[in-house]
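Source file input24.pdb; content: PDB, C-alpha atoms.
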ATOM      1  CA  MET A 813      35.343 -44.589  11.846
ATOM      2  CA  ILE A 814      33.944 -47.665  10.099
ATOM      3  CA  MET A 815      30.120 -48.107   9.890
ATOM      4  CA  HIS A 816      28.369 -51.390   9.329
ATOM      5  CA  GLY A 817      26.108 -51.589   6.246
ATOM      6  CA  LYS A 818      22.751 -51.420   8.054
ATOM      7  CA  ARG A 819      23.861 -48.534  10.214
ATOM      8  CA  MET A 820      25.140 -46.638   7.171
ATOM      9  CA  ARG A 821      21.823 -47.153   5.363
ATOM     10  CA  ARG A 822      19.841 -45.928   8.415
ATOM     11  CA  THR A 823      22.043 -42.851   8.655
ATOM     12  CA  ALA A 824      21.661 -42.114   4.956
ATOM     13  CA  MET A 825      17.891 -42.478   5.187
ATOM     14  CA  ALA A 826      17.741 -40.138   8.198
ATOM     15  CA  LEU A 827      19.825 -37.538   6.379
ATOM     16  CA  ALA A 828      17.599 -37.837   3.310
ATOM     17  CA  LEU A 829      14.484 -37.339   5.449
ATOM     18  CA  LEU A 830      16.009 -34.289   7.110
ATOM     19  CA  ALA A 831      16.990 -32.843   3.746
ATOM     20  CA  GLY A 832      13.492 -33.494   2.393
ATOM     21  CA  SER A 833      11.898 -31.795   5.387
ATOM     22  CA  ALA A 834      14.161 -28.775   5.013
ATOM     23  CA  LEU A 835      13.391 -28.582   1.302
ATOM     24  CA  ALA A 836       9.644 -28.796   1.944
ATOM     25  CA  ALA A 837       9.862 -26.066   4.575
ATOM     26  CA  SER A 838      11.839 -23.786   2.285
ATOM     27  CA  ALA A 839       9.416 -24.430  -0.576
ATOM     28  CA  GLN A 840       6.319 -23.620   1.520
ATOM     29  CA  GLU A 841       4.259 -20.960  -0.200
ATOM     30  CA  THR A 842       3.899 -17.510   1.359
ATOM     31  CA  LEU A 843       0.767 -15.486   0.628
ATOM     32  CA  THR A 844       1.375 -11.752   0.735
ATOM     33  CA  VAL A 845      -1.837 -10.142   1.954
ATOM     34  CA  GLY A 846      -2.521  -6.417   1.838
ATOM     35  CA  ALA A 847      -4.813  -4.985   4.500
ATOM     36  CA  ASN A 848      -5.752  -1.547   5.783
ATOM     37  CA  ILE A 849      -4.715  -2.133   9.401
ATOM     38  CA  GLY A 850      -6.939  -0.175  11.770
ATOM     39  CA  ASN A 851     -10.116  -1.415  10.090
ATOM     40  CA  VAL A 852     -11.837  -2.881  13.163
ATOM     41  CA  PRO A 853     -12.951  -5.615  13.590
ATOM     42  CA  TRP A 854     -11.608  -6.874  10.267
ATOM     43  CA  GLU A 855      -7.868  -6.194  10.617
ATOM     44  CA  PHE A 856      -6.252  -4.151  13.390
ATOM     45  CA  GLN A 857      -3.498  -4.327  16.024
ATOM     46  CA  ASP A 858      -4.104  -5.636  19.526
ATOM     47  CA  ASP A 859      -2.383  -4.314  22.653
ATOM     48  CA  ALA A 860       0.630  -6.515  21.908
ATOM     49  CA  GLY A 861       0.965  -5.068  18.410
ATOM     50  CA  GLN A 862      -0.209  -8.265  16.693
ATOM     51  CA  PHE A 863      -2.474  -8.099  13.654
ATOM     52  CA  VAL A 864      -5.886  -9.511  14.584
ATOM     53  CA  GLY A 865      -9.442  -9.446  13.251
ATOM     54  CA  PHE A 866     -12.111 -11.379  11.367
ATOM     55  CA  GLU A 867     -10.320 -11.257   8.006
ATOM     56  CA  ILE A 868      -6.908 -11.893   9.572
ATOM     57  CA  ASP A 869      -8.356 -15.121  11.003
ATOM     58  CA  LEU A 870     -10.167 -15.991   7.771
ATOM     59  CA  VAL A 871      -7.042 -15.587   5.639
ATOM     60  CA  ALA A 872      -5.116 -17.694   8.166
ATOM     61  CA  ALA A 873      -7.735 -20.451   7.843
ATOM     62  CA  VAL A 874      -7.472 -20.324   4.036
ATOM     63  CA  ALA A 875      -3.665 -20.394   4.142
ATOM     64  CA  ASP A 876      -3.719 -23.346   6.544
ATOM     65  CA  ARG A 877      -5.766 -25.370   4.019
ATOM     66  CA  MET A 878      -3.188 -24.468   1.363
ATOM     67  CA  GLY A 879      -0.214 -25.313   3.561
ATOM     68  CA  ALA A 880       0.962 -21.731   3.150
ATOM     69  CA  GLU A 881       2.316 -18.997   5.383
ATOM     70  CA  VAL A 882       0.857 -15.472   5.502
ATOM     71  CA  GLU A 883       2.733 -12.177   5.346
ATOM     72  CA  THR A 884       0.411  -9.242   6.043
ATOM     73  CA  VAL A 885       1.334  -5.819   4.648
ATOM     74  CA  ASN A 886      -0.316  -2.641   5.954
ATOM     75  CA  ILE A 887      -1.607  -0.639   2.949
ATOM     76  CA  PRO A 888      -4.096   2.278   2.926
ATOM     77  CA  PHE A 889      -7.457   1.185   1.534
ATOM     78  CA  ASN A 890      -7.169   3.110  -1.721
ATOM     79  CA  GLY A 891      -3.724   1.580  -2.371
ATOM     80  CA  LEU A 892      -4.963  -2.008  -2.186
ATOM     81  CA  PHE A 893      -6.300  -1.967  -5.742
ATOM     82  CA  SER A 894      -3.035  -1.016  -7.457
ATOM     83  CA  ALA A 895      -1.089  -3.318  -5.102
ATOM     84  CA  VAL A 896      -3.075  -6.396  -6.090
ATOM     85  CA  GLN A 897      -3.164  -5.449  -9.788
ATOM     86  CA  SER A 898       0.619  -4.969  -9.922
ATOM     87  CA  GLY A 899       1.329  -8.264  -8.146
ATOM     88  CA  ARG A 900       2.862  -6.572  -5.096
ATOM     89  CA  ILE A 901       0.376  -8.552  -3.009
ATOM     90  CA  ASP A 902      -1.476 -11.802  -3.702
ATOM     91  CA  ILE A 903      -4.679 -11.004  -1.825
ATOM     92  CA  ALA A 904      -6.311  -7.801  -0.591
ATOM     93  CA  THR A 905      -8.683  -7.692   2.359
ATOM     94  CA  SER A 906     -10.291  -4.800   4.271
ATOM     95  CA  SER A 907     -14.052  -5.327   4.156
ATOM     96  CA  ILE A 908     -13.847  -4.750   0.387
ATOM     97  CA  THR A 909     -17.233  -4.524  -1.311
ATOM     98  CA  ILE A 910     -17.759  -6.410  -4.566
ATOM     99  CA  THR A 911     -18.947  -4.010  -7.289
ATOM    100  CA  ASP A 912     -19.334  -4.304 -11.056
ATOM    101  CA  GLU A 913     -16.936  -1.402 -11.511
ATOM    102  CA  ARG A 914     -14.246  -3.190  -9.511
ATOM    103  CA  LEU A 915     -14.880  -6.494 -11.300
ATOM    104  CA  GLU A 916     -13.749  -4.852 -14.516
ATOM    105  CA  SER A 917     -10.156  -4.714 -13.255
ATOM    106  CA  VAL A 918      -9.902  -7.271 -10.403
ATOM    107  CA  THR A 919     -11.329 -10.647  -9.394
ATOM    108  CA  PHE A 920     -13.136 -11.534  -6.161
ATOM    109  CA  ALA A 921     -13.728 -14.853  -4.441
ATOM    110  CA  GLN A 922     -17.263 -15.515  -3.208
ATOM    111  CA  PRO A 923     -18.570 -13.078  -0.570
ATOM    112  CA  TYR A 924     -18.523 -13.901   3.134
ATOM    113  CA  TYR A 925     -20.248 -10.902   4.735
ATOM    114  CA  ASP A 926     -23.373  -8.840   3.997
ATOM    115  CA  SER A 927     -23.272  -5.169   4.940
ATOM    116  CA  ASP A 928     -24.663  -1.650   4.591
ATOM    117  CA  GLN A 929     -23.249   1.835   5.040
ATOM    118  CA  SER A 930     -23.965   3.975   8.118
ATOM    119  CA  LEU A 931     -23.769   7.494   9.520
ATOM    120  CA  THR A 932     -21.785   7.916  12.730
ATOM    121  CA  ALA A 933     -21.839  11.178  14.695
ATOM    122  CA  LEU A 934     -21.220  12.562  18.161
ATOM    123  CA  ALA A 935     -23.887  11.375  20.598
ATOM    124  CA  GLU A 936     -24.990  15.008  20.916
ATOM    125  CA  GLY A 937     -24.636  15.693  17.186
ATOM    126  CA  PRO A 938     -26.841  15.007  14.144
ATOM    127  CA  LYS A 939     -29.331  12.174  14.629
ATOM    128  CA  SER A 940     -29.880  11.321  10.963
ATOM    129  CA  LEU A 941     -28.827  12.077   7.401
ATOM    130  CA  ALA A 942     -31.646  14.627   7.260
ATOM    131  CA  GLU A 943     -29.756  16.653   9.884
ATOM    132  CA  MET A 944     -26.512  16.658   7.843
ATOM    133  CA  LYS A 945     -27.650  19.504   5.551
ATOM    134  CA  ASP A 946     -24.905  22.169   5.324
ATOM    135  CA  LYS A 947     -22.612  19.964   7.436
ATOM    136  CA  VAL A 948     -19.312  18.231   6.684
ATOM    137  CA  VAL A 949     -19.195  14.476   6.185
ATOM    138  CA  GLY A 950     -16.082  12.297   6.357
ATOM    139  CA  VAL A 951     -15.412   9.145   4.305
ATOM    140  CA  ASP A 952     -12.567   6.731   3.533
ATOM    141  CA  THR A 953     -10.871   7.581   0.243
ATOM    142  CA  GLY A 954     -12.111   5.374  -2.608
ATOM    143  CA  SER A 955     -14.507   3.383  -0.395
ATOM    144  CA  THR A 956     -18.133   2.612  -1.144
ATOM    145  CA  GLY A 957     -18.945   5.161   1.572
ATOM    146  CA  ASP A 958     -17.036   7.726  -0.491
ATOM    147  CA  MET A 959     -18.997   6.692  -3.586
ATOM    148  CA  TRP A 960     -22.330   6.898  -1.740
ATOM    149  CA  ALA A 961     -21.624  10.309  -0.198
ATOM    150  CA  THR A 962     -20.460  11.717  -3.547
ATOM    151  CA  GLU A 963     -23.527  10.414  -5.375
ATOM    152  CA  ASN A 964     -25.896  11.717  -2.674
ATOM    153  CA  GLN A 965     -24.209  15.002  -1.734
ATOM    154  CA  ALA A 966     -26.766  17.136  -3.545
ATOM    155  CA  GLU A 967     -29.742  15.212  -2.149
ATOM    156  CA  TYR A 968     -28.662  15.596   1.475
ATOM    157  CA  GLY A 969     -26.958  18.974   1.071
ATOM    158  CA  PHE A 970     -23.556  18.064   2.524
ATOM    159  CA  ALA A 971     -21.438  21.234   2.716
ATOM    160  CA  ASP A 972     -18.254  19.257   2.069
ATOM    161  CA  ILE A 973     -16.879  15.704   1.871
ATOM    162  CA  ARG A 974     -13.531  15.141   3.568
ATOM    163  CA  ARG A 975     -11.566  12.012   2.726
ATOM    164  CA  TYR A 976      -9.425   9.964   5.096
ATOM    165  CA  GLU A 977      -7.049   7.000   4.948
ATOM    166  CA  GLY A 978      -8.822   4.864   7.529
ATOM    167  CA  LEU A 979     -11.214   5.087  10.430
ATOM    168  CA  ALA A 980      -8.837   6.339  13.163
ATOM    169  CA  PRO A 981      -8.003   9.797  11.706
ATOM    170  CA  ALA A 982     -11.649  10.331  10.758
ATOM    171  CA  MET A 983     -12.759   9.559  14.318
ATOM    172  CA  LEU A 984     -10.211  12.034  15.692
ATOM    173  CA  ASP A 985     -11.608  14.760  13.440
ATOM    174  CA  LEU A 986     -15.195  13.827  14.314
ATOM    175  CA  GLN A 987     -14.508  14.147  18.033
ATOM    176  CA  ALA A 988     -12.605  17.391  17.456
ATOM    177  CA  GLY A 989     -15.541  18.876  15.547
ATOM    178  CA  ARG A 990     -13.742  19.131  12.207
ATOM    179  CA  ILE A 991     -16.397  16.914  10.598
ATOM    180  CA  ASP A 992     -20.020  16.442  11.651
ATOM    181  CA  GLY A 993     -20.582  12.846  10.560
ATOM    182  CA  TYR A 994     -18.764   9.857   9.103
ATOM    183  CA  VAL A 995     -20.169   7.546   6.427
ATOM    184  CA  SER A 996     -18.677   4.044   6.408
ATOM    185  CA  ASP A 997     -19.437   0.321   6.715
ATOM    186  CA  ILE A 998     -21.863  -0.319   9.563
ATOM    187  CA  PRO A 999     -20.223  -3.405  11.183
ATOM    188  CA  ALA A1000     -16.909  -1.608  11.685
ATOM    189  CA  LEU A1001     -18.607   1.400  13.251
ATOM    190  CA  GLN A1002     -20.917  -0.631  15.479
ATOM    191  CA  TYR A1003     -17.848  -2.461  16.767
ATOM    192  CA  TYR A1004     -15.856   0.773  17.185
ATOM    193  CA  VAL A1005     -18.447   2.796  19.129
ATOM    194  CA  LYS A1006     -19.683   0.044  21.473
ATOM    195  CA  ASP A1007     -17.404   1.257  24.302
ATOM    196  CA  LYS A1008     -17.428   4.959  23.335
ATOM    197  CA  PRO A1009     -20.564   6.658  24.703
ATOM    198  CA  GLN A1010     -19.568   9.976  23.118
ATOM    199  CA  LEU A1011     -20.157   8.448  19.661
ATOM    200  CA  ALA A1012     -23.202   6.811  18.064
ATOM    201  CA  VAL A1013     -24.161   5.064  14.842
ATOM    202  CA  VAL A1014     -27.256   7.155  14.144
ATOM    203  CA  GLU A1015     -28.506   5.742  10.845
ATOM    204  CA  ARG A1016     -28.136   2.607   8.728
ATOM    205  CA  ILE A1017     -27.832   3.360   5.003
ATOM    206  CA  PRO A1018     -29.116   0.335   3.017
ATOM    207  CA  THR A1019     -26.724  -0.487   0.173
ATOM    208  CA  GLY A1020     -26.806  -4.307   0.028
ATOM    209  CA  GLU A1021     -23.014  -4.666  -0.036
ATOM    210  CA  LYS A1022     -21.089  -7.936   0.163
ATOM    211  CA  TYR A1023     -17.434  -8.277   1.200
ATOM    212  CA  SER A1024     -14.787 -10.610  -0.161
ATOM    213  CA  MET A1025     -11.079 -11.105  -0.797
ATOM    214  CA  MET A1026      -9.729  -9.344  -3.883
ATOM    215  CA  PHE A1027      -7.184 -10.686  -6.396
ATOM    216  CA  ALA A1028      -5.512  -9.679  -9.636
ATOM    217  CA  LYS A1029      -7.817 -10.040 -12.631
ATOM    218  CA  ASP A1030      -8.433 -13.721 -13.473
ATOM    219  CA  ALA A1031      -5.825 -14.932 -10.963
ATOM    220  CA  GLU A1032      -5.805 -18.725 -10.524
ATOM    221  CA  LEU A1033      -5.355 -18.143  -6.790
ATOM    222  CA  ALA A1034      -8.857 -16.640  -6.634
ATOM    223  CA  THR A1035     -10.408 -19.897  -7.846
ATOM    224  CA  GLU A1036      -8.341 -21.935  -5.381
ATOM    225  CA  VAL A1037      -9.348 -19.683  -2.475
ATOM    226  CA  ASN A1038     -12.990 -19.768  -3.594
ATOM    227  CA  THR A1039     -12.994 -23.580  -3.358
ATOM    228  CA  ILE A1040     -11.487 -23.403   0.136
ATOM    229  CA  LEU A1041     -14.188 -20.917   1.178
ATOM    230  CA  ASP A1042     -16.781 -23.495   0.051
ATOM    231  CA  ALA A1043     -15.348 -25.899   2.615
ATOM    232  CA  LEU A1044     -14.875 -23.316   5.378
ATOM    233  CA  LYS A1045     -18.514 -22.259   5.073
ATOM    234  CA  THR A1046     -19.827 -25.826   4.875
ATOM    235  CA  GLU A1047     -17.818 -26.849   7.953
ATOM    236  CA  GLY A1048     -19.015 -23.816   9.939
ATOM    237  CA  VAL A1049     -15.585 -22.208  10.262
ATOM    238  CA  VAL A1050     -16.670 -18.834   8.866
ATOM    239  CA  ALA A1051     -19.747 -18.845  11.106
ATOM    240  CA  GLU A1052     -17.507 -19.468  14.131
ATOM    241  CA  LEU A1053     -15.357 -16.473  13.189
ATOM    242  CA  HIS A1054     -18.483 -14.331  12.875
ATOM    243  CA  GLU A1055     -19.550 -15.309  16.387
ATOM    244  CA  LYS A1056     -16.026 -14.706  17.721
ATOM    245  CA  TRP A1057     -15.770 -11.168  16.353
ATOM    246  CA  PHE A1058     -19.387  -9.963  16.437
ATOM    247  CA  GLY A1059     -20.674 -11.890  19.437
ATOM    248  CA  VAL A1060     -23.634 -13.400  17.573
ATOM    249  CA  ALA A1061     -24.231 -16.176  15.060
ATOM    250  CA  PRO A1062     -24.577 -15.037  11.425
ATOM    251  CA  ASP A1063     -28.050 -14.798   9.930
ATOM    252  CA  ALA A1064     -29.300 -17.910   8.177
ATOM    253  CA  GLY A1065     -29.096 -17.404   4.433
ATOM    254  CA  SER A1066     -26.389 -14.737   4.698
ATOM    255  CA  SER A1067     -23.227 -14.948   2.624
ATOM    256  CA  THR A1068     -21.325 -15.881   5.794
ATOM    257  CA  VAL A1069     -22.938 -19.327   5.797
ATOM    258  CA  THR A1070     -24.110 -19.804   2.197
ATOM    259  CA  VAL A1071     -21.842 -21.310  -0.460
ATOM    260  CA  LEU A1072     -21.984 -18.939  -3.432
ATOM    261  CA  PRO A1073     -20.421 -18.729  -6.904
ATOM    262  CA  MET A1074     -17.538 -16.408  -7.677
ATOM    263  CA  PRO A1075     -18.856 -12.950  -8.617
ATOM    264  CA  THR A1076     -19.008 -12.036 -12.307
ATOM    265  CA  LEU A1077     -19.920  -8.865 -14.152
ATOM    266  CA  ASN A1078     -23.656  -8.461 -14.584
TER     267      ASN A1078
END

As a first step, turn the structure in this file into structure tokens.
Amino acid sequence: MIMHGKRMRRTAMALALLAGSALAASAQETLTVGANIGNVPWEFQDDAGQFVGFEIDLVAAVADRMGAEVETVNIPFNGLFSAVQSGRIDIATSSITITDERLESVTFAQPYYDSDQSLTALAEGPKSLAEMKDKVVGVDTGSTGDMWATENQAEYGFADIRRYEGLAPAMLDLQAGRIDGYVSDIPALQYYVKDKPQLAVVERIPTGEKYSMMFAKDAELATEVNTILDALKTEGVVAELHEKWFGVAPDAGSSTVTVLPMPTLN
């Protein structure tokens, strides 16, 4: 078949555009994100088995600004640190608290949530930390709740500290009477118990924690994500996610709405 010159040029241009589009699609960056799935309301599975949550949505918003795709990998909380340090994942999320100890080996973007620890118990169980003397407390392995309980075991007289890989198995043991209380981040527990009258968050434990995304030490990606978080806060995107997942607007002046610098060692 013989093509006229103009028609041949149009065909060639169309093929070039198609090839360029395919190349761009294949070259699109994929961010591998590690998360402790089951950490409500930050990252968990809905009834359809899809990963959902505040940080799932936040990472998706960041990736969208980068023109990247997201692959989420389910990793127990304590495994997130080695996974990000080894390069197995690009970003770790799971309501991870920024601490000086962690900043020695990893890098964080600016915080986006202010939190405390809490004590959760059966509604008919202990009503405060003062009532946990000679009782068994559960924590997530390697979490700031684990650190707090370990540091304060003597003061409150905990008989034992049992460590879990996530909230779900700890809650099963709490309801079965194998532990008497569970120390963990207050927003996750307030969300978890709101439709479970047999459980109650009985005490807030002030710790002044701030959550962020975690990266390998000095990773360039951390700086890029931090800049995107500047924009997402300024435009109100992070505040909208807070209202979506917690049902209320974030407090004025909180790290959810305030543009902050990347954390550094004190």

Worksheet item: Counting all atoms listed in the file, which of A:Ile991, A:Ile1017, A:Leu892, A:Ile908 gets nearest to Tyr924 (chain A)?
Response: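 Closest to Tyr924 (chain A) of all the choices is A:Ile908.
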
task = Quick one: apply the PyMOL selection byres ((chain A and resi 970-984) around 9) to the file and drop the selected residues here as a PyMOL selection string.
result = chain A and resi 848-852+888-890+944-954+958+961-962+964-969+985-991+994+996+1000-1001

Min atom-atom distance to Met1026 (chain A) from the set A:Thr932, A:Thr1039, A:Thr1076, A:Ser906, counting all atoms listed in the file, belongs to A:Ser906

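Take the candidates A:Glu1015, A:Glu841, A:Glu916, A:Asp869 and check each one against Ala1051 (chain A) using all atoms listed in the file; the shortest distance goes to A:Asp869.
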
- Query: Counting all atoms listed in the file, what is within 10 Å of Phe863 (chain A), bar same-chain residues fewer than 5 positions away, as a list in words?
  - Reply: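 Within the cut-off, the hits are Ala847, Ile849, Gly850, Trp854, Glu855, Phe856, Gln857, Asp858, Ile868, Asp869, Thr884 and Asn886 of chain A.
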
When you count only C-alpha atoms, which of these residues is closest to Glu1032 (chain A): A:Ser1066, A:Thr1046, A:Asn1078, A:Thr919?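 The answer is A:Thr919, which sits nearest to Glu1032 (chain A).
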
Using Å and a single decimal, report how far CA of Ser940 (chain A) sits from CA of Val1013 (chain A).
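CA of Ser940 (chain A) lies 9.3 Å from CA of Val1013 (chain A).
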
Taking the file as shown, what set of residues would the PyMOL selection byres ((chain A and resi 1002) around 10) give back, as number ranges by chain? A: 852-853, 930, 932, 997-1001, 1003-1007, 1012-1013, 1058

| message | Suppose a student applies the PyMOL selection byres ((chain A and resi 1022) around 8) to this structure; what residues should they get, written as a PyMOL selection string? | response | chain A and resi 908-910+923-927+1020-1021+1023-1024+1067
